[in-house]
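Asker: Can you read through this structure? Questions will come right after.
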Amino acid sequence: MSRPFKPAVVTANALLEGDAIWLTSQDTWTRDMAEAELITDQTRADAQLALAAAQVNDVVGVYLAEAAASDAGPTPTHFRETFRTRGPSNYEHGKQVNL
Amino acid sequence: MYKYNDFDAAFIAKRNAQFRAQVERRVDGSLTEDEFKPLRLMNGLYLQLHAYMLRVAIPYGTLDSAKMRQLAMIADRWDKGYGHFTTRQNIQYNWPELRDVPDMLDALGEVEMHAIQTSGNTIRNVTADHFAGAAADEIEDPRPVAELLRQWSTDHPEFQFLPRKFKIAITGSPNDRAVTKAHDIGLRMVRNDAGEPGFEVIVGGGLGRTPMVGKVLRDFLPKADLLAYCEAIVSVYNLLGRRDNKYKARIKITVHENGLEKIRELVDARFEQIRPVFTGYDQELLAQIEQSFAAPDFKVASTDGYEATRLANPAFRSWSDTNLTAHKADGYAIVSISIKKHGATPGDATSEQMRVMADLAAQYGHDELRISHEQNVILPHVHKSDLPAIYAALRAADLVTANIGLISDIIACPGMDYCALATARSIPVAQEIATRFDELKLEHDIGQLKIKISGCINACGHHHVGHIGILGLDRAGVENYQITLGGDHTETAAVGERAGPGFSADEIVPAIERLVSGYLELRTDETETFIEAYRRLGMAPFKAVLYPEAKADAA
C-alpha cells in the first residue's frame with residue numbers, strides 16, 4: 001500500500017529571472033503561490049509535473065512541494081517554501097516587496 | 001598587484017564570449033538546463049532560492065581601488081546595490097538576471113577579474129592570508145605563489161573534472177590566518193635549517209559533513225618544487241578519489257581511507273615522474289610575478305598626530321585598539337574595516353561603502369585592499385599618521401564598528417535566506433547575537449571570541465572551527481541550531497565538539513548568552529580568553545550552563 005498523497009503544488013524557478021514560480025490549474029505559471037493549483041492526488045501530480053518539466057525553455061528545477069489549503073489559496077507547510085514565497089529575512093528584497 | 005598579460009586578457013575575453021553564446025542558446029531553447037547547468041557553473045553562476053547568484057573570484061583576496069569600484073558599479077547596475085563577501089574571499093551577487101550575466105562578466109574582465117572555477121569539481125579560487133605582504137610575522141608574501149597556482153589551475157586540462165571540488169589556501173606566516181588545515185591542500189611557509197623559505201604541505205583538511213584537520217604530507221618543500229608537487233597531489237587524487245559517492249569524494253576521504261603513507265608514496269612517485277617536465281619555466285614565471293608584488297614605497301613620517309588623536313578621542317582609541325594589526329614597516333598599521341556593524345548581515349557591503357573603501361585605499365593605502373575569509377575588508381598598508389583621516393571617512397560611511405575578533409565579528413554563510421542547499425537560516429542568528437551583545441555592552445569585556453555559523457552541514461560558515469560553532473538544521477520541519485565548542489581555525493587547528501541537543505530559533509541567542517555569561521564566571525581573569533578557558537576546563541562546565549534543566553533534573 002503506497003503512502004497517502006499529501007496535497008502539493010508544482011513549483012520551479014523562472015529561467016530568466018530565477019525567482020520562484022508555481023503552476024496554476026490553467027497550466028500557466030504564477031509568481032503568487034496563492035494562485036497555484038493545490039493538487040490532491042498522485043495522478044494529477046504526475047501529469048502536472050510532466051507538463052511543467054516539458055517547459056524547458058521557461059522554467060528550471062521543477063518539483064512538487066507540500067502545501068495546505070487556505071481561504072486565500074495554497075500555503076506552504078515547510079519554512080523553506082515559506083521563504084520562497086517572500087524572499088530573504090535580512091532585506092526587503094524579493095517577492096515580499098510586492099506583498 | 002598582478003597585471004594581466006595579453007594571454008590572460010585574451011583567455012578571459014574568449015571564455016566570456018563563449019558564455020554569452022551559451023546563455024543565448026539556453027534562452028532560445030537550443031540548450032536544455034541539463035546541458036547548460038555545467039556550463040553556467042564553470043562560470044560561477046548558481047541558481048538559488050530566489051534568484052541566480054554570481055560568485056566572483058577575488059584571487060587570494062587582493063583588490064585595488066579600480067577593482068573595488070567596478071564591483072560597486074556591477075552591484076548598482078545589475079544587482080541590488082550591494083555584494084556579499086564570502087569565507088572563500090569571493091564576492092557574491094544575489095540578484096542577477098540570466099540575460100545580464102554576460103555583461104557582468106565583461107565588466108569584470110575590464111578590471112582583470114572573472115568568475116571562472118568558482119564552482120564545479122575544479123580547483124577553486126586560491127585563498128591566502130588577508131594580511132599577506134603586510135604582516136609583521138610574515139616570512140614572505142605568499143601571493144606570488146598564489147598567483148602562480150591561479151594561473152596553473154585555471155583551465156588546467158587535467159583538472160576540470162576532478163572527483164569533487166578542490167580548495168587550496170596559502171599563508172606566508174607561521175601564524176595561520178588562512179585556515180590552511182581545513183583545505184584540500186594547505187601551504188604554510190616555513191624555513192628549513194639553512195634558513196631558506198619553503199612550504200609545509202598539508203593535505204586532506206576540510207569541513208563539511210566529515211570535518212578533518214589536514215595532515216602534513218611534507219615538512220619542508222623547497223619553493224621551486226611547489227607547482228610540480230601540487231600537480232602530483234591533484235593528479236594522484238584525480239585517479240584515486242572516489243567518484244561513486246559524492247559525500248566520499250573529497251581528498252580528505254581519499255587520505256583517510258588510503259592512509260597518509262600510501263598517499264605520500266603515490267604523490268612522491270608521481271612527483272618524480274612529472275618533475276622533469278617542469279623545466280624551469282614556472283620559476284621564470286614566478287620571478288616575473290614576484291615583481292608585480294613588490295612592497296609599496298613605504299613613507300617615513302611622524303606618528304605624533306595618531307598618538308594625539310588616540311589620547312583625545314576615546315572612540316578612535318577603541319577602534320584602533322581593536323581593528324589594527326602590527327605591520328612589518330615602521331609607522332604603518334594594517335586596518336581591518338569591519339563590515340559587521342551590530343545587526344547587519346556579515347560580509348555585506350553596499351556599493352557606496354565599497355566606493356568609500358576604494359577611495360581610502362587609493363588615497364592612503366598604496367591602492368591595496370584585501371577581503372578576509374572572516375568577511376571583512378582590509379587596508380593592508382596604512383601609515384599611522386593617516387589613521388585619523390581614515391577613521392573620519394569610515395565613520396561617515398558607517399564603517400567604524402570596533403569589533404574585529406570580538407563576539408559580534410561573526411562568520412555566517414548566507415543560509416536559507418538565499419542558499420538552495422541550506423537547511424536553516426544563518427544571517428538572522430548572527431544579527432541577533434551581535435545586537436544582543438551590543439545591548440549588553442559586554443563584548444570588549446568578553447574579548448577574543450570567534451562565533452561561526454553555518455546554515456547546513458556543508459559548513460561554508462566554518463562552524464567546526466569556531467570557538468563557538470553554530471550549525472543550523474531542519475529538525476522535523478523546524479529550524480534547529482546545534483552548538484559546538486572548542487574549534488580552532490589557526491595553526492593549532494581543532495574541530496569543535498558538539499555540546500548536546502540543538503536549540504530552536506527562539507532559544508539559540510539566550511543559549512549563547514548563557515554560555516558567554518558562564519565563561520565570564522569561569523575564566524581565571526580577563527586575560528584568559530574563551531578558547532583558553534575551554535581548553536583548561538573542558539566541555540563539562542560549559543555544558544552545565546548551556547543545559548541548566550539537565551543539571552536540575554540530575555539533582
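Chains: A, B, ... in order of the C-alpha cells. Residues: from 1 per chain. Ligands: from 1, in order shown.
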Quick check: residues of chain B within 6 Å of chain A, only C-alpha atoms, returned as JSON, numbers by chain.

Answerer: {"B": [29, 50, 51, 52, 97, 98, 417, 477]}

Asker: Do a neighbour search on Lys181 in chain B at 7 Å with only C-alpha atoms, toss out local chain neighbours closer than 2 positions, and write the hits as a PyMOL selection string.

Answerer: chain B and resi 179+183+186+202+205+213-214+493

Asker: For the residues selected in the previous step, produce a file with N, CA and C atoms as a PDB file, in the first residue's frame.

Answerer:
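New file again.pdb:
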ATOM      1  N   VAL B 179      43.444  29.492   7.486  1.00  0.00           N
ATOM      2  CA  VAL B 179      42.761  28.220   7.765  1.00  0.00           C
ATOM      3  C   VAL B 179      43.326  27.092   6.888  1.00  0.00           C
ATOM      4  N   HIS B 183      41.811  22.861   4.423  1.00  0.00           N
ATOM      5  CA  HIS B 183      41.744  22.906   2.961  1.00  0.00           C
ATOM      6  C   HIS B 183      42.233  21.588   2.360  1.00  0.00           C
ATOM      7  N   GLY B 186      46.817  22.724   2.031  1.00  0.00           N
ATOM      8  CA  GLY B 186      47.205  23.913   2.780  1.00  0.00           C
ATOM      9  C   GLY B 186      48.706  24.095   2.662  1.00  0.00           C
ATOM     10  N   ILE B 202      50.255  20.629   3.649  1.00  0.00           N
ATOM     11  CA  ILE B 202      49.208  19.961   4.428  1.00  0.00           C
ATOM     12  C   ILE B 202      48.161  19.454   3.442  1.00  0.00           C
ATOM     13  N   GLY B 205      42.655  18.328   4.630  1.00  0.00           N
ATOM     14  CA  GLY B 205      41.811  19.018   5.597  1.00  0.00           C
ATOM     15  C   GLY B 205      40.488  19.384   4.952  1.00  0.00           C
ATOM     16  N   VAL B 213      41.029  17.694  10.204  1.00  0.00           N
ATOM     17  CA  VAL B 213      42.181  18.582  10.243  1.00  0.00           C
ATOM     18  C   VAL B 213      43.213  18.006   9.278  1.00  0.00           C
ATOM     19  N   GLY B 214      43.766  18.875   8.417  1.00  0.00           N
ATOM     20  CA  GLY B 214      44.727  18.429   7.421  1.00  0.00           C
ATOM     21  C   GLY B 214      45.959  17.794   8.042  1.00  0.00           C
ATOM     22  N   ALA B 493      44.881  24.067  14.666  1.00  0.00           N
ATOM     23  CA  ALA B 493      43.503  23.773  14.266  1.00  0.00           C
ATOM     24  C   ALA B 493      42.893  22.605  15.025  1.00  0.00           C
TER      25      ALA B 493
END

Asker: Do a neighbour search on Ala47 in chain A at 12 Å with only C-alpha atoms, toss out local chain neighbours closer than 4 positions, and write the hits as number ranges by chain.

Answerer: A: 10, 23, 25, 27, 39, 41-43, 51-54, 64

Asker: If you count only C-alpha atoms, which residues fall within 7 Å of Leu148 in chain B, apart from same-chain ones fewer than 4 positions away, as an mmCIF file with N, CA and C atoms, in the first residue's frame?

Answerer:
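Result file result-v7.cif:
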data_model
loop_
_atom_site.group_PDB
_atom_site.id
_atom_site.type_symbol
_atom_site.label_atom_id
_atom_site.label_comp_id
_atom_site.auth_asym_id
_atom_site.auth_seq_id
_atom_site.Cartn_x
_atom_site.Cartn_y
_atom_site.Cartn_z
ATOM 1 N N PRO B 144 52.620 35.864 -4.664
ATOM 2 C CA PRO B 144 53.174 35.441 -5.967
ATOM 3 C C PRO B 144 52.957 33.941 -6.216
ATOM 4 N N TRP B 152 48.214 28.306 -13.028
ATOM 5 C CA TRP B 152 48.373 26.869 -13.303
ATOM 6 C C TRP B 152 47.036 26.144 -13.262
ATOM 7 N N LEU B 286 57.324 32.716 -12.057
ATOM 8 C CA LEU B 286 57.205 33.154 -10.665
ATOM 9 C C LEU B 286 58.051 34.402 -10.427
#

Asker: Record the distance separating CA of Gly206 in chain B and CA of Ile251 in chain B, expressed in Å with one decimal.

Answerer: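 Atom-to-atom, CA of Gly206 in chain B to CA of Ile251 in chain B, that is 8.7 Å.
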
Asker: Considering only C-alpha atoms, can you say which of A:Leu38, A:Ala45, A:Met33, A:Ala50 comes closest to Ala68 in chain A?

Answerer: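 Once distances to Ala68 in chain A are computed over only C-alpha atoms, the minimum belongs to A:Leu38.
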
Asker: Near Arg425 in chain B, within 12 Å and counting only C-alpha atoms, which residues show up once chain neighbours fewer than 2 positions away are dropped, as a PyMOL selection string?

Answerer: (chain A and resi 79-80+83+88-90) or (chain B and resi 345+412-423+427-431+453-456+461+470-474+478-481+504-505)

Asker: Those same residues, written as a short mmCIF file (atom, residue, chain, number, x, y, z; two decimals), in the first residue's frame with C-alpha atoms?

Answerer:
data_model
loop_
_atom_site.label_atom_id
_atom_site.label_comp_id
_atom_site.auth_asym_id
_atom_site.auth_seq_id
_atom_site.Cartn_x
_atom_site.Cartn_y
_atom_site.Cartn_z
CA PHE A 79 9.63 27.04 6.23
CA ARG A 80 11.82 26.69 3.13
CA PHE A 83 10.85 31.77 2.36
CA PRO A 88 15.22 36.77 2.43
CA SER A 89 14.76 37.90 6.04
CA ASN A 90 17.66 40.37 6.12
CA THR B 345 24.47 41.00 7.58
CA ALA B 412 27.90 33.48 8.74
CA CYS B 413 27.09 31.80 5.46
CA PRO B 414 24.06 33.10 3.51
CA GLY B 415 21.98 30.23 4.89
CA MET B 416 18.38 29.65 3.92
CA ASP B 417 17.80 33.34 3.27
CA TYR B 418 19.50 32.71 -0.10
CA CYS B 419 21.11 29.30 -0.45
CA ALA B 420 19.30 26.41 -2.12
CA LEU B 421 21.34 23.87 -0.12
CA ALA B 422 20.70 25.39 3.31
CA THR B 423 18.68 23.62 5.97
CA ILE B 427 22.04 35.53 8.96
CA PRO B 428 19.25 36.31 11.47
CA VAL B 429 21.08 34.32 14.17
CA ALA B 430 24.25 36.34 13.56
CA GLN B 431 22.27 39.59 13.55
CA ILE B 453 27.56 29.95 11.83
CA SER B 454 26.64 27.58 9.00
CA GLY B 455 23.13 27.05 7.68
CA CYS B 456 23.81 23.46 6.68
CA GLY B 461 30.31 29.28 7.72
CA ILE B 470 26.51 27.07 15.34
CA LEU B 471 25.03 24.68 12.80
CA GLY B 472 21.50 25.27 11.52
CA LEU B 473 19.50 22.15 10.71
CA ASP B 474 15.96 21.18 9.76
CA VAL B 478 11.58 23.39 12.19
CA GLU B 479 14.87 25.32 12.27
CA ASN B 480 17.18 23.89 14.92
CA TYR B 481 20.67 25.03 15.94
CA SER B 504 15.18 26.31 18.43
CA ALA B 505 15.47 29.65 16.66
#

Asker: Measuring atom to atom with only C-alpha atoms, identify which of B:Ile233, B:Val111, B:Ala132, B:Ile139 is nearest to Ile168 in chain B.

Answerer: B:Ile233

Asker: Neighbouring residues of range 88-94 of chain B were defined as those with any atom within 10 Å, considering only C-alpha atoms; residues of the same chain fewer than 3 positions away were excluded. Please report them as a ChimeraX atom specification.

Answerer: /B:44-62,71,74-75,78-85,97,115,118,124-128,130,167,169,178,347-349,370-377,414,418-419,460-461

Asker: How would you write, as JSON, numbers by chain, the set of residues in range 21-88 of chain A that DSSP gives as alpha helix (DSSP H)?

Answerer: {"A": [42, 43, 44, 45, 46, 47, 48, 49, 50, 51, 52, 53, 79, 80, 81, 82, 83, 84, 85, 86]}

Asker: Write out the residues from the selection above, keeping C-alpha atoms, as a PDB file, in the first residue's frame.

Answerer:
ATOM      1  CA  GLN A  42      -0.919  11.372  -7.439  1.00  0.00           C
ATOM      2  CA  THR A  43      -2.313  11.024 -10.955  1.00  0.00           C
ATOM      3  CA  ARG A  44      -2.833  14.783 -11.326  1.00  0.00           C
ATOM      4  CA  ALA A  45       0.562  15.419  -9.694  1.00  0.00           C
ATOM      5  CA  ASP A  46       2.354  13.170 -12.190  1.00  0.00           C
ATOM      6  CA  ALA A  47       0.564  14.788 -15.125  1.00  0.00           C
ATOM      7  CA  GLN A  48       1.291  18.360 -14.000  1.00  0.00           C
ATOM      8  CA  LEU A  49       4.918  17.553 -13.138  1.00  0.00           C
ATOM      9  CA  ALA A  50       5.382  16.096 -16.610  1.00  0.00           C
ATOM     10  CA  LEU A  51       3.731  19.126 -18.190  1.00  0.00           C
ATOM     11  CA  ALA A  52       5.932  21.506 -16.170  1.00  0.00           C
ATOM     12  CA  ALA A  53       9.130  19.603 -16.806  1.00  0.00           C
ATOM     13  CA  PHE A  79       9.628  27.035   6.230  1.00  0.00           C
ATOM     14  CA  ARG A  80      11.815  26.690   3.130  1.00  0.00           C
ATOM     15  CA  GLU A  81       8.756  27.043   0.919  1.00  0.00           C
ATOM     16  CA  THR A  82       7.560  29.973   3.036  1.00  0.00           C
ATOM     17  CA  PHE A  83      10.852  31.773   2.365  1.00  0.00           C
ATOM     18  CA  ARG A  84      10.405  31.116  -1.353  1.00  0.00           C
ATOM     19  CA  THR A  85       7.063  32.927  -1.287  1.00  0.00           C
ATOM     20  CA  ARG A  86       8.523  36.083   0.243  1.00  0.00           C
TER      21      ARG A  86
END

Asker: Residues near Val145 in chain B, anyone? I mean within 9 Å using only C-alpha atoms, not counting same-chain ones fewer than 5 positions away, as an mmCIF file with C-alpha atoms, in the first residue's frame.

Answerer:
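Result file around.cif:
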data_model
loop_
_atom_site.group_PDB
_atom_site.id
_atom_site.type_symbol
_atom_site.label_atom_id
_atom_site.label_comp_id
_atom_site.auth_asym_id
_atom_site.auth_seq_id
_atom_site.Cartn_x
_atom_site.Cartn_y
_atom_site.Cartn_z
ATOM 1 C CA ARG B 150 45.903 30.502 -10.035
ATOM 2 C CA ILE B 170 48.353 29.558 1.450
ATOM 3 C CA LYS B 223 59.638 26.741 -3.158
ATOM 4 C CA LEU B 226 55.823 23.702 -5.350
ATOM 5 C CA LEU B 227 53.972 23.600 -8.646
ATOM 6 C CA LEU B 286 57.205 33.154 -10.665
ATOM 7 C CA ILE B 289 55.010 37.561 -10.905
ATOM 8 C CA GLU B 290 57.076 38.422 -7.831
#

Asker: Would you mind reading off the distance between CA of Ile116 in chain B and CA of Asp225 in chain B, one decimal, in Å?

Answerer: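 That distance, rounded to one decimal, is 26.0 Å.
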
Asker: Enumerate the residues of range 199-421 of chain B with a DSSP assignment of strand (DSSP E), computed from the backbone, and present them as a PyMOL selection string.

Answerer: chain B and resi 199-203+215-222+324-326+332-337+348-350+369-371+377-383+411-412
